[in-house]
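The file protein-v9.cif comes next; it holds mmCIF, C-alpha atoms and all ligand atoms.
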```cif
data_coords
loop_
_atom_site.group_PDB
_atom_site.id
_atom_site.type_symbol
_atom_site.label_atom_id
_atom_site.label_comp_id
_atom_site.auth_asym_id
_atom_site.auth_seq_id
_atom_site.Cartn_x
_atom_site.Cartn_y
_atom_site.Cartn_z
ATOM 1 C CA MET A 1312 0.000 0.000 0.000
ATOM 2 C CA THR A 1313 1.382 3.446 -0.869
ATOM 3 C CA ALA A 1314 1.880 6.085 1.814
ATOM 4 C CA ILE A 1315 -0.860 8.235 0.254
ATOM 5 C CA LYS A 1316 -3.292 5.333 0.178
ATOM 6 C CA GLU A 1317 -2.574 4.751 3.855
ATOM 7 C CA VAL A 1318 -3.281 8.422 4.665
ATOM 8 C CA VAL A 1319 -6.525 8.386 2.692
ATOM 9 C CA ASN A 1320 -7.640 5.183 4.383
ATOM 10 C CA TRP A 1321 -6.719 6.573 7.803
ATOM 11 C CA PHE A 1322 -9.008 9.565 7.201
ATOM 12 C CA GLY A 1323 -11.764 7.277 5.946
ATOM 13 C CA LYS A 1324 -11.973 8.595 2.352
ATOM 14 C CA LYS A 1325 -14.352 11.356 3.472
ATOM 15 C CA GLU A 1326 -14.406 14.335 1.124
ATOM 16 C CA ALA A 1327 -15.001 16.643 4.092
ATOM 17 C CA LEU A 1328 -11.512 15.664 5.283
ATOM 18 C CA LEU A 1329 -9.791 16.442 1.981
ATOM 19 C CA LEU A 1330 -7.830 19.352 3.474
ATOM 20 C CA GLN A 1331 -6.520 17.163 6.307
ATOM 21 C CA VAL A 1332 -5.504 14.504 3.775
ATOM 22 C CA ILE A 1333 -3.661 17.074 1.659
ATOM 23 C CA LEU A 1334 -1.845 18.505 4.698
ATOM 24 C CA ALA A 1335 -0.828 15.042 5.888
ATOM 25 C CA VAL A 1336 0.454 14.091 2.435
ATOM 26 C CA GLN A 1337 2.366 17.372 2.172
ATOM 27 C CA ASP A 1338 3.869 16.868 5.662
ATOM 28 C CA ALA A 1339 5.169 13.474 4.622
ATOM 29 C CA ASP A 1340 6.736 14.828 1.430
ATOM 30 C CA PRO A 1341 10.507 15.439 1.733
ATOM 31 C CA GLN A 1342 10.129 18.601 -0.351
ATOM 32 C CA ASN A 1343 7.193 19.930 1.654
ATOM 33 C CA HIS A 1344 4.804 20.119 -1.270
ATOM 34 C CA LEU A 1345 1.908 18.419 -3.002
ATOM 35 C CA SER A 1346 3.223 16.914 -6.221
ATOM 36 C CA GLU A 1347 1.147 16.304 -9.324
ATOM 37 C CA GLU A 1348 1.442 12.567 -8.688
ATOM 38 C CA ALA A 1349 0.115 13.103 -5.168
ATOM 39 C CA VAL A 1350 -2.833 15.106 -6.499
ATOM 40 C CA ASN A 1351 -3.609 12.308 -8.947
ATOM 41 C CA GLU A 1352 -3.379 9.623 -6.285
ATOM 42 C CA ILE A 1353 -5.516 11.524 -3.763
ATOM 43 C CA SER A 1354 -8.093 12.114 -6.490
ATOM 44 C CA ARG A 1355 -8.116 8.438 -7.439
ATOM 45 C CA GLU A 1356 -8.145 7.072 -3.892
ATOM 46 C CA MET A 1357 -10.835 9.470 -2.632
ATOM 47 C CA ASN A 1358 -12.844 9.276 -5.817
ATOM 48 C CA ILE A 1359 -13.037 13.045 -6.216
ATOM 49 C CA SER A 1360 -11.990 15.174 -9.164
ATOM 50 C CA ARG A 1361 -8.422 16.383 -9.640
ATOM 51 C CA SER A 1362 -9.738 19.928 -9.993
ATOM 52 C CA ARG A 1363 -11.348 19.671 -6.553
ATOM 53 C CA VAL A 1364 -8.021 18.556 -5.055
ATOM 54 C CA TYR A 1365 -6.182 21.326 -6.910
ATOM 55 C CA SER A 1366 -8.649 24.037 -5.918
ATOM 56 C CA THR A 1367 -8.472 23.037 -2.257
ATOM 57 C CA ALA A 1368 -4.678 22.933 -2.357
ATOM 58 C CA SER A 1369 -4.461 26.281 -4.141
ATOM 59 C CA PHE A 1370 -6.769 28.027 -1.682
ATOM 60 C CA TYR A 1371 -4.516 27.611 1.353
ATOM 61 C CA SER A 1372 -1.189 29.420 1.567
ATOM 62 C CA GLU A 1373 0.137 26.640 3.816
ATOM 63 C CA ILE A 1374 -0.034 24.258 0.878
ATOM 64 C CA SER A 1375 2.484 24.396 -1.944
ATOM 65 C CA LEU A 1376 2.230 22.805 -5.355
ATOM 66 C CA LYS A 1377 5.924 23.351 -5.981
ATOM 67 C CA PRO A 1378 8.851 21.779 -4.114
ATOM 68 C CA ARG A 1379 10.060 23.655 -1.046
ATOM 69 C CA GLY A 1380 12.891 23.409 1.432
ATOM 70 C CA ILE A 1381 13.139 21.105 4.420
ATOM 71 C CA HIS A 1382 12.445 24.116 6.669
ATOM 72 C CA ILE A 1383 9.759 26.645 5.807
ATOM 73 C CA ILE A 1384 10.400 30.109 7.228
ATOM 74 C CA ARG A 1385 7.279 32.277 7.310
ATOM 75 C CA ILE A 1386 7.660 35.945 8.056
ATOM 76 C CA CYS A 1387 4.664 37.952 9.177
ATOM 77 C CA THR A 1388 3.977 41.027 7.071
ATOM 78 C CA ASN A 1389 0.978 42.381 8.963
ATOM 79 C CA ALA A 1390 0.966 45.825 10.595
ATOM 80 C CA PRO A 1391 1.985 44.950 14.185
ATOM 81 C CA CYS A 1392 5.046 43.065 12.948
ATOM 82 C CA GLU A 1393 5.671 45.679 10.266
ATOM 83 C CA ASN A 1394 5.695 48.382 12.945
ATOM 84 C CA ALA A 1395 7.992 46.300 15.135
ATOM 85 C CA ASN A 1396 10.797 46.447 12.613
ATOM 86 C CA LYS A 1397 9.954 43.407 10.561
ATOM 87 C CA ALA A 1398 11.912 44.922 7.670
ATOM 88 C CA SER A 1399 15.238 44.497 9.456
ATOM 89 C CA ILE A 1400 14.414 40.880 10.337
ATOM 90 C CA LEU A 1401 13.488 40.128 6.743
ATOM 91 C CA ALA A 1402 16.617 41.823 5.416
ATOM 92 C CA ALA A 1403 18.819 39.780 7.762
ATOM 93 C CA ILE A 1404 17.115 36.514 6.802
ATOM 94 C CA LYS A 1405 17.334 37.285 3.095
ATOM 95 C CA GLN A 1406 21.006 38.104 3.419
ATOM 96 C CA GLU A 1407 21.726 34.977 5.469
ATOM 97 C CA LEU A 1408 19.932 32.692 3.018
ATOM 98 C CA GLY A 1409 20.637 34.545 -0.226
ATOM 99 C CA ILE A 1410 17.020 34.200 -1.327
ATOM 100 C CA LYS A 1411 13.886 36.317 -1.588
ATOM 101 C CA ILE A 1412 10.369 35.589 -0.389
ATOM 102 C CA GLY A 1413 8.949 32.742 -2.486
ATOM 103 C CA GLN A 1414 12.335 31.135 -3.092
ATOM 104 C CA THR A 1415 14.209 28.094 -1.783
ATOM 105 C CA THR A 1416 17.916 27.915 -1.015
ATOM 106 C CA ALA A 1417 20.042 26.012 -3.518
ATOM 107 C CA ASP A 1418 20.798 23.322 -0.926
ATOM 108 C CA GLY A 1419 17.055 22.740 -0.489
ATOM 109 C CA LEU A 1420 17.260 23.442 3.229
ATOM 110 C CA PHE A 1421 15.149 26.605 3.564
ATOM 111 C CA SER A 1422 12.188 28.208 1.824
ATOM 112 C CA LEU A 1423 11.128 31.746 2.680
ATOM 113 C CA GLU A 1424 7.451 32.728 2.618
ATOM 114 C CA SER A 1425 5.351 35.644 3.850
ATOM 115 C CA VAL A 1426 2.201 35.267 5.885
ATOM 116 C CA ASN A 1427 -0.497 37.703 6.960
ATOM 117 C CA CYS A 1428 -0.456 36.977 10.684
ATOM 118 C CA LEU A 1429 0.924 34.170 12.806
ATOM 119 C CA GLY A 1430 -1.422 34.833 15.716
ATOM 120 C CA ALA A 1431 1.596 35.969 17.698
ATOM 121 C CA CYS A 1432 1.107 39.737 17.424
ATOM 122 C CA TYR A 1433 1.837 40.136 21.159
ATOM 123 C CA MET A 1434 5.435 39.213 20.417
ATOM 124 C CA SER A 1435 5.985 41.104 17.171
ATOM 125 C CA PRO A 1436 8.051 40.866 15.126
ATOM 126 C CA ALA A 1437 7.417 37.173 14.693
ATOM 127 C CA ILE A 1438 8.403 34.430 12.323
ATOM 128 C CA LYS A 1439 7.397 30.802 12.125
ATOM 129 C CA ILE A 1440 9.800 28.066 11.151
ATOM 130 C CA ASP A 1441 8.005 24.815 10.459
ATOM 131 C CA ASP A 1442 5.690 24.497 13.503
ATOM 132 C CA ALA A 1443 7.608 26.778 15.881
ATOM 133 C CA VAL A 1444 6.851 30.492 16.332
ATOM 134 C CA TYR A 1445 9.657 32.851 17.334
ATOM 135 C CA GLY A 1446 8.830 36.319 18.610
ATOM 136 C CA ASP A 1447 10.363 39.536 19.923
ATOM 137 C CA LEU A 1448 13.056 38.934 17.359
ATOM 138 C CA THR A 1449 16.129 40.908 16.520
ATOM 139 C CA PRO A 1450 17.940 40.416 13.210
ATOM 140 C CA GLU A 1451 20.782 38.706 15.102
ATOM 141 C CA ALA A 1452 18.399 36.308 16.849
ATOM 142 C CA ALA A 1453 16.707 35.394 13.570
ATOM 143 C CA VAL A 1454 20.051 34.649 11.924
ATOM 144 C CA ALA A 1455 21.160 32.605 14.959
ATOM 145 C CA ILE A 1456 18.041 30.421 14.712
ATOM 146 C CA ILE A 1457 18.715 29.763 11.036
ATOM 147 C CA ARG A 1458 22.374 28.943 11.704
ATOM 148 C CA ASP A 1459 21.370 26.533 14.474
ATOM 149 C CA LEU A 1460 19.004 24.721 12.104
ATOM 150 C CA ARG A 1461 21.666 24.545 9.424
ATOM 151 C CA LYS A 1462 24.197 23.168 11.917
ATOM 152 C CA GLU A 1463 21.652 20.648 13.186
ATOM 153 C CA TYR A 1464 21.108 19.466 9.613
ATOM 154 C CA GLN A 1465 24.841 19.247 8.881
ATOM 155 C CA ASP A 1466 25.443 17.309 12.111
ATOM 156 C CA GLU A 1467 22.698 14.867 11.112
ATOM 157 C CA GLN A 1468 24.289 14.420 7.687
ATOM 158 C CA ASN A 1469 27.715 13.788 9.228
ATOM 159 C CA ALA A 1470 26.478 11.412 11.932
HETATM 160 S S1 LIG A 1501 0.819 40.728 13.008
HETATM 161 FE FE1 LIG A 1501 2.613 39.533 13.058
HETATM 162 S S2 LIG A 1501 1.998 37.812 14.207
HETATM 163 FE FE2 LIG A 1501 0.179 38.926 14.020
#
```
Could you quickly redo this structure as structure tokens?
Amino acid sequence: MTAIKEVVNWFGKKEALLLQVILAVQDADPQNHLSEEAVNEISREMNISRSRVYSTASFYSEISLKPRGIHIIRICTNAPCENANKASILAAIKQELGIKIGQTTADGLFSLESVNCLGACYMSPAIKIDDAVYGDLTPEAAVAIIRDLRKEYQDEQNA
């Protein structure tokens, strides 16, 4: 049984749970995205149209139809973070990674995305990396987090 078939079966093939299926399939993908093959398989296994799968996937900014990095960095661009010097955080991250919003580093380790609000306005400026939210950031702290993740990855590769 394929991994996608297992996910679909686990959710009981209910169309109402399509979003949860898509998120679970994306989470299991090493490139953090929903591939065309995955769309086709979800469509087939759930017996719903490909266009329905595509439209659901396209609606949510958390879901990507193109390959992304191992770590997804989301920077909040809403007013409270904007007013709390988000620009300097973004500039530091862009310089550290050498990419712009919407891009992935050449080593496939990081993707940089913008988001409207992380629900962490009380600790603006905030970013989210994968499932963790970091707030009250300085440019130095943001860069340190990224360097720690890179080191963690390199240590894993060398282990
Ligand atoms: S405005 Fe940035 S987390 Fe809400």
Next on the checklist: I'd like the residues picked by the PyMOL selection byres (((chain A and resi 1323-1336) around 9) and not hetatm) written out as an MDAnalysis selection string, using the chain letters and numbers from the file.
Outcome noted: chainID A and resid 1314:1315 1318:1322 1337:1340 1343:1345 1349:1350 1353 1356:1359 1364 1367:1368 1373:1374
**Report entry** Test item: the PyMOL selection byres (((not hetatm)) within 9 of (chain A and resi 1501)) resolved as a PyMOL selection string
**Finding:** chain A and resi 1386-1393+1395+1397+1426-1438+1446
Notebook entry, point to check: If we count only C-alpha atoms, what is near A:Asp1441 at a cut-off of 8 Å, once residues fewer than 4 positions away on the same chain are taken out, given as an NGL selection string?
Noted result: :A and (1382-1384)
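Nearest to A:Gly1380 of all the residues A:Ile1410, A:Asp1459, A:Pro1450, A:Glu1352 is A:Ile1410, counting all atoms listed in the file.
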### Residue neighbourhood stretch 1413-1415 of chain A, 6 Å, only C-alpha atoms, exclusion window fewer than 6 positions, as a list in words
Gly1380, Phe1421, Ser1422, Leu1423 and Glu1424 of chain A
From atom CA of A:Ser1369 to atom CA of A:Ala1453 the spacing works out at 29.1 Å
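Coordinates place atom CA of A:Ser1375 at a distance of 15.3 Å from atom CA of A:Ser1362.
Here atom CA of A:Tyr1365 is placed at a distance of 9.6 Å from atom CA of A:Asn1351.
Among A:Glu1317, A:Val1454, A:Arg1385, A:Ser1346, the residue with the shortest atom-to-atom distance to A:Asp1442, counting all atoms listed in the file, is A:Arg1385.
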Taking all listed atoms of stretch 1370-1377 of chain A, build the axis-aligned box, pad each of the six sides by 6 Å, then write its centre and edge lengths in Å to one decimal as JSON.
```
{"center_x": -0.4, "center_y": 26.1, "center_z": -1.1, "size_x": 24.7, "size_y": 18.6, "size_z": 21.8}
```
Could you tell me which residues the PyMOL selection byres (((chain A and resi 1456) around 12) and not hetatm) grabs in this file, written as a PyMOL selection string? chain A and resi 1382+1384+1400+1403-1404+1407+1438-1440+1443-1446+1448-1455+1457-1463
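Using all atoms listed in the file, the smallest distance between any of A:Ile1412, A:Ala1417, A:Asn1396, A:Ala1402 and A:Asp1447 comes from A:Asn1396.
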Using all atoms listed in the file, the shortest atom-to-atom distance to A:Pro1341 among A:Leu1408, A:Leu1401, A:Leu1420, A:Ala1470 belongs to A:Leu1420
